[in-house]
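What's in structure-v2.txt: compact mmCIF, C-alpha atoms
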```txt
# COMPACT_ATOMS: atom_id res chain seq x y z
CA MET A 1 0.00 0.00 0.00
CA ASP A 2 1.16 3.53 -0.78
CA ASN A 3 2.15 5.16 2.52
CA ASN A 4 2.72 8.62 1.08
CA LYS A 5 -0.86 9.77 0.56
CA LYS A 6 -1.25 13.31 1.82
CA LEU A 7 -4.20 15.69 1.80
CA SER A 8 -3.36 19.15 0.51
CA LYS A 9 -4.68 22.44 1.89
CA THR A 10 -6.88 22.66 -1.21
CA ASP A 11 -8.43 19.25 -0.48
CA LEU A 12 -9.18 20.30 3.08
CA LEU A 13 -10.63 23.64 1.98
CA LYS A 14 -12.93 21.85 -0.48
CA SER A 15 -14.06 19.52 2.30
CA PHE A 16 -14.62 22.41 4.71
CA PHE A 17 -16.57 24.35 2.07
CA CYS A 18 -18.80 21.33 1.37
CA TRP A 19 -19.49 20.88 5.07
CA HIS A 20 -20.01 24.57 5.76
CA MET A 21 -22.44 25.08 2.88
CA PHE A 22 -24.27 21.75 2.83
CA ALA A 23 -24.07 20.34 6.38
CA GLN A 24 -27.85 20.35 6.70
CA SER A 25 -28.79 19.66 3.10
CA CYS A 26 -31.13 16.68 2.68
CA TYR A 27 -31.75 16.87 6.44
CA ASN A 28 -34.03 13.97 7.40
CA PHE A 29 -35.30 12.24 10.52
CA GLU A 30 -33.66 8.93 9.66
CA ARG A 31 -30.01 10.03 9.47
CA PHE A 32 -30.19 13.80 10.10
CA GLN A 33 -26.92 15.30 8.75
CA ALA A 34 -25.42 12.08 7.38
CA LEU A 35 -25.77 13.08 3.72
CA GLY A 36 -24.23 16.47 4.41
CA PHE A 37 -21.33 14.76 6.19
CA VAL A 38 -20.83 12.36 3.27
CA HIS A 39 -20.79 15.32 0.90
CA SER A 40 -17.98 16.92 2.92
CA MET A 41 -15.98 13.67 2.67
CA ILE A 42 -16.11 13.47 -1.14
CA PRO A 43 -12.99 15.64 -1.71
CA ILE A 44 -11.18 13.62 0.95
CA VAL A 45 -11.92 10.08 -0.23
CA SER A 46 -11.51 11.09 -3.89
CA LYS A 47 -7.94 12.12 -3.12
CA LEU A 48 -7.05 9.20 -0.85
CA TYR A 49 -8.69 6.28 -2.69
CA HIS A 50 -8.57 5.45 -6.36
CA THR A 51 -10.78 2.46 -7.10
CA LYS A 52 -14.55 2.63 -7.30
CA GLU A 53 -14.85 0.00 -4.55
CA GLU A 54 -12.60 1.90 -2.12
CA ILE A 55 -14.40 5.19 -2.69
CA SER A 56 -17.81 3.55 -2.35
CA GLN A 57 -16.83 1.82 0.89
CA ALA A 58 -15.37 5.03 2.34
CA LEU A 59 -18.51 7.05 1.59
CA LYS A 60 -20.88 4.36 2.87
CA ARG A 61 -19.26 4.25 6.30
CA HIS A 62 -20.24 7.89 6.76
CA LEU A 63 -23.92 7.31 6.03
CA THR A 64 -24.64 6.46 9.67
CA PHE A 65 -26.76 8.74 11.85
CA PHE A 66 -25.05 12.05 12.54
CA ASN A 67 -26.25 15.32 14.05
CA THR A 68 -24.37 18.25 15.58
CA GLU A 69 -24.07 22.04 15.50
CA ALA A 70 -22.51 22.94 12.17
CA ASN A 71 -20.01 25.62 13.24
CA PHE A 72 -18.31 24.21 16.33
CA GLY A 73 -19.07 20.75 14.95
CA SER A 74 -16.76 21.49 12.00
CA MET A 75 -14.03 19.93 14.12
CA ILE A 76 -15.56 16.48 13.51
CA PRO A 77 -15.25 16.33 9.68
CA GLY A 78 -11.77 17.82 10.08
CA MET A 79 -10.83 15.09 12.52
CA ILE A 80 -12.34 12.37 10.33
CA ALA A 81 -10.38 13.70 7.34
CA ALA A 82 -7.19 13.08 9.34
CA LEU A 83 -8.34 9.57 10.25
CA GLU A 84 -9.18 8.77 6.63
CA GLU A 85 -5.70 9.94 5.67
CA GLU A 86 -4.08 7.65 8.25
CA ARG A 87 -6.27 4.74 7.20
CA ALA A 88 -5.42 5.23 3.53
CA ASN A 89 -1.73 5.12 4.50
CA GLY A 90 -2.08 1.67 6.07
CA ASN A 91 -3.09 2.29 9.69
CA THR A 92 -5.12 -0.83 10.39
CA ASP A 93 -6.16 0.39 13.85
CA ILE A 94 -8.59 2.84 12.26
CA THR A 95 -11.65 0.75 11.50
CA ASP A 96 -15.19 1.71 10.55
CA GLU A 97 -16.14 1.25 14.21
CA THR A 98 -13.33 3.57 15.34
CA ILE A 99 -14.45 6.33 12.99
CA ASN A 100 -18.13 6.01 13.83
CA SER A 101 -17.52 5.82 17.59
CA LEU A 102 -15.48 9.04 17.49
CA LYS A 103 -18.19 10.79 15.47
CA THR A 104 -20.84 9.58 17.90
CA GLY A 105 -18.79 10.58 20.93
CA LEU A 106 -18.19 14.13 19.72
CA MET A 107 -21.41 15.11 18.00
CA GLY A 108 -23.41 15.47 21.25
CA PRO A 109 -20.97 17.72 23.16
CA PHE A 110 -20.39 19.94 20.12
CA ALA A 111 -24.14 20.22 19.54
CA GLY A 112 -24.62 21.38 23.13
CA ILE A 113 -21.87 23.95 23.23
CA GLY A 114 -22.44 25.11 19.65
CA ASP A 115 -26.16 25.73 20.09
CA THR A 116 -25.56 27.47 23.41
CA ILE A 117 -22.97 29.87 22.01
CA THR A 118 -24.19 30.37 18.43
CA GLN A 119 -27.95 30.42 18.85
CA GLY A 120 -28.30 31.42 22.47
CA LEU A 121 -25.56 34.01 22.77
CA VAL A 122 -23.86 35.26 19.58
CA LYS A 123 -26.92 35.51 17.35
CA THR A 124 -28.96 37.07 20.16
CA VAL A 125 -26.35 39.76 20.80
CA PHE A 126 -25.88 40.51 17.09
CA LEU A 127 -29.64 40.77 16.58
CA ALA A 128 -30.08 42.99 19.64
CA VAL A 129 -27.59 45.46 18.22
CA THR A 130 -28.62 45.36 14.56
CA VAL A 131 -32.41 45.23 15.08
CA ASP A 132 -32.14 48.41 17.15
CA ILE A 133 -30.26 50.05 14.26
CA ALA A 134 -32.84 48.82 11.73
CA ALA A 135 -35.75 49.96 13.92
CA LYS A 136 -34.43 53.51 13.63
CA GLY A 137 -34.80 53.30 9.86
CA ASN A 138 -31.16 52.61 9.06
CA VAL A 139 -30.76 50.08 6.23
CA PHE A 140 -27.26 49.30 7.52
CA GLY A 141 -28.85 47.28 10.36
CA PRO A 142 -29.55 44.04 8.41
CA ILE A 143 -26.37 44.49 6.37
CA LEU A 144 -24.31 44.72 9.56
CA PHE A 145 -25.97 41.58 10.94
CA PHE A 146 -25.15 39.69 7.74
CA ILE A 147 -21.51 40.80 7.92
CA LEU A 148 -21.09 40.04 11.63
CA PHE A 149 -22.82 36.66 11.64
CA THR A 150 -21.21 35.48 8.39
CA THR A 151 -17.78 36.42 9.72
CA TYR A 152 -18.52 34.53 12.92
CA VAL A 153 -19.77 31.29 11.35
CA VAL A 154 -17.06 31.16 8.68
CA GLY A 155 -14.31 32.04 11.15
CA VAL A 156 -15.38 29.57 13.83
CA GLY A 157 -16.08 26.83 11.30
CA TYR A 158 -12.70 27.27 9.58
CA PHE A 159 -10.76 27.28 12.84
CA MET A 160 -12.57 24.24 14.26
CA TYR A 161 -12.25 22.22 11.04
CA PHE A 162 -8.50 22.67 10.73
CA GLN A 163 -7.98 22.24 14.47
CA GLY A 164 -9.81 18.92 14.17
CA TYR A 165 -7.57 17.88 11.30
CA LYS A 166 -4.51 18.88 13.31
CA TRP A 167 -5.59 16.87 16.35
CA GLY A 168 -6.78 13.86 14.38
CA LYS A 169 -7.79 10.83 16.39
CA ASN A 170 -6.51 12.41 19.62
CA ALA A 171 -9.24 15.08 19.46
CA LEU A 172 -11.66 13.15 21.66
CA ASN A 173 -9.05 12.65 24.40
CA LYS A 174 -7.91 16.29 24.22
CA ILE A 175 -11.47 17.59 24.55
CA THR A 176 -13.05 15.21 27.04
CA GLY A 177 -9.95 14.34 29.04
CA THR A 178 -9.48 17.89 30.35
CA ASN A 179 -13.20 18.69 30.74
CA VAL A 180 -12.85 21.48 28.18
CA MET A 181 -16.45 21.13 27.05
CA GLN A 182 -17.81 21.33 30.59
CA LYS A 183 -15.71 24.39 31.45
CA ILE A 184 -16.61 26.23 28.24
CA THR A 185 -20.30 25.36 28.57
CA GLU A 186 -20.44 26.59 32.17
CA GLY A 187 -18.61 29.78 31.26
CA MET A 188 -20.90 30.45 28.30
CA ASN A 189 -23.98 29.83 30.45
CA VAL A 190 -22.82 32.50 32.90
CA LEU A 191 -21.98 34.91 30.09
CA GLY A 192 -25.27 34.15 28.33
CA LEU A 193 -27.31 34.87 31.47
CA THR A 194 -25.40 38.13 31.98
CA VAL A 195 -26.12 39.21 28.42
CA LEU A 196 -29.76 38.13 28.77
CA GLY A 197 -30.14 40.26 31.88
CA ALA A 198 -28.71 43.27 30.06
CA LEU A 199 -30.99 42.68 27.09
CA VAL A 200 -34.07 42.51 29.33
CA ALA A 201 -33.19 45.88 30.86
CA ALA A 202 -32.40 47.45 27.48
CA MET A 203 -34.99 45.94 25.13
CA VAL A 204 -38.09 45.11 27.23
CA ASN A 205 -39.85 48.35 28.09
CA ILE A 206 -43.14 47.96 29.93
CA LYS A 207 -44.48 50.93 31.89
CA THR A 208 -47.81 51.92 33.36
CA PRO A 209 -49.42 55.40 33.17
CA LEU A 210 -51.70 54.69 36.15
CA VAL A 211 -52.07 57.56 38.59
CA PHE A 212 -54.06 57.47 41.83
CA LYS A 213 -55.24 60.51 43.75
CA ILE A 214 -55.87 60.22 47.46
CA GLN A 215 -57.21 63.52 48.73
CA GLN A 216 -54.43 66.01 47.90
CA THR A 217 -51.83 63.34 47.21
CA THR A 218 -51.06 62.08 43.70
CA ILE A 219 -49.42 58.67 43.40
CA GLU A 220 -47.75 57.72 40.14
CA VAL A 221 -47.58 53.92 40.06
CA GLN A 222 -44.61 53.76 37.66
CA GLN A 223 -42.56 56.13 39.80
CA LEU A 224 -43.37 54.06 42.87
CA LEU A 225 -42.33 50.83 41.12
CA ASP A 226 -39.07 52.36 39.90
CA LYS A 227 -38.16 53.20 43.50
CA ILE A 228 -38.55 49.52 44.37
CA VAL A 229 -36.78 48.04 41.32
CA PRO A 230 -36.17 49.90 38.03
CA ASN A 231 -38.04 48.25 35.13
CA LEU A 232 -39.89 46.01 37.59
CA LEU A 233 -42.81 45.38 35.20
CA SER A 234 -40.42 44.32 32.44
CA LEU A 235 -38.56 41.98 34.79
CA MET A 236 -41.81 40.45 36.09
CA THR A 237 -43.04 39.89 32.54
CA VAL A 238 -39.83 38.08 31.58
CA PHE A 239 -39.95 35.89 34.69
CA ILE A 240 -43.61 34.99 34.09
CA LEU A 241 -42.91 34.03 30.48
CA TRP A 242 -39.83 32.04 31.54
CA TYR A 243 -41.93 30.19 34.15
CA LEU A 244 -44.63 29.36 31.61
CA LEU A 245 -42.03 28.11 29.12
CA LYS A 246 -40.60 25.86 31.85
CA LYS A 247 -44.12 24.47 32.21
CA ASN A 248 -44.00 23.55 28.50
CA LYS A 249 -46.51 26.16 27.43
CA SER A 250 -46.63 26.78 23.69
CA VAL A 251 -44.47 29.65 22.46
CA VAL A 252 -47.11 30.56 19.86
CA SER A 253 -49.86 30.71 22.50
CA LEU A 254 -47.70 32.93 24.72
CA ILE A 255 -47.07 35.33 21.83
CA LEU A 256 -50.81 35.51 21.14
CA TRP A 257 -51.55 36.20 24.81
CA ILE A 258 -48.94 38.98 24.81
CA PHE A 259 -50.73 40.58 21.86
CA ILE A 260 -54.14 40.23 23.49
CA ILE A 261 -53.07 41.52 26.90
CA GLY A 262 -51.07 44.33 25.28
CA ILE A 263 -54.03 45.52 23.20
CA ILE A 264 -56.44 45.39 26.16
CA ALA A 265 -53.97 47.12 28.49
CA ALA A 266 -53.27 49.84 25.92
CA TYR A 267 -57.00 50.39 25.26
CA PHE A 268 -57.80 50.86 28.95
CA LYS A 269 -54.51 52.77 29.43
CA ILE A 270 -53.23 50.36 32.03
CA LEU A 271 -49.85 49.73 30.35
```
As a first step, turn the structure in this file into structure tokens.
Amino acid sequence: MDNNKKLSKTDLLKSFFCWHMFAQSCYNFERFQALGFVHSMIPIVSKLYHTKEEISQALKRHLTFFNTEANFGSMIPGMIAALEEERANGNTDITDETINSLKTGLMGPFAGIGDTITQGLVKTVFLAVTVDIAAKGNVFGPILFFILFTTYVVGVGYFMYFQGYKWGKNALNKITGTNVMQKITEGMNVLGLTVLGALVAAMVNIKTPLVFKIQQTTIEVQQLLDKIVPNLLSLMTVFILWYLLKKNKSVVSLILWIFIIGIIAAYFKIL
């Protein structure tokens, strides 16, 4: 067997591009992202294997169930590219079971941390900034979001893919052996909650115009509430919605109730 097979930077870039653009293409409930993963492996196996049988076998072993977050999860196809390279160069320790077990072991942790950071933190912060710009009538708002989020996903995906290729089969030990995932997840949870608290104070604005007169004394309810806790009504609303979501209430029904209560409260000048 030829022991000098080597993937070039171009091969790896093609693989990364295929994963980045088509990770969730043909998404289905039987194998989830398996077809997208196979697509990302085409530049790899085409370079490493030459016969139709070898290429077919290499692609088929990646048709097993696979599902992760596409940006941080880019490390997995990068790692598998390194394993395929070692296998093509005669490493008999890398079997189909080895490859699939590593994919299975990594896809869950990367899905957790990727969704937490990308969907729960980064996208939320970017939208909070750019939606405010757009709401003021500035067309640069959506353009800025596109630039920021595209830079983020491409940058993170590129770094994780090539880091995975660099680590190869040792990636699982490097990540899980030092509890990196747990530490990063805990840190991002704290940061995410901090950002969420700031967003509640900045973006949720619920006030009441109610005024009570007792003899010669005028009591403004909003002013009284602000002396207790600034933006108390906004904070209470967020906590109530959070509690109802924890009770598995439908998001759509909660949105409808917000509309209904908001219209009634505005009509009777309560809020």
- [ ] Using all atoms listed in the file, find the one residue out of A:Met160, A:Met41, A:Ala111, A:Met203 that sits nearest to Asp132 of chain A.
- [x]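 Smallest distance to Asp132 of chain A is found for A:Met203.
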Task: All residues 8 Å or closer to segment 55-62 of chain A, all atoms listed in the file, same chain fewer than 6 positions away omitted, as a VMD selection string - done: chain A and resid 34 37 to 38 41 to 42 45 to 46 49 96 100
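With distances restricted to only C-alpha atoms, A:Ile99 is the closest residue to Ile76 of chain A from A:Ile219, A:Ile99, A:Cys26, A:Leu35.
With distances taken over all atoms listed in the file, A:Val129 is the one residue among A:Val129, A:Ala266, A:Val204, A:Val190 lying closest to Leu148 of chain A.
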Task: Shortest interatomic distance to Leu121 of chain A - which of A:Phe140, A:Phe149, A:Tyr243, A:Tyr161, counting all atoms listed in the file - done: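 Among A:Phe140, A:Phe149, A:Tyr243, A:Tyr161, it is A:Phe149 that comes nearest to Leu121 of chain A.
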- [ ] Counting only C-alpha atoms, figure out which residue out of A:Lys52, A:His20, A:Lys47, A:Lys136 gets nearest to Val154 of chain A.
- [x] A:His20
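Coordinates place atom CA of Asn67 of chain A at a distance of 9.5 Å from atom CA of Tyr27 of chain A.
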Open item on the list: Excluding Lys103 of chain A and its own-chain neighbours fewer than 2 positions away, which residues fall within 12 Å of it when counting only C-alpha atoms? Please give them as a PyMOL selection string.
Closed with: chain A and resi 33-34+37+61-68+73-81+83+96-101+105-111+164+168-169+171-172
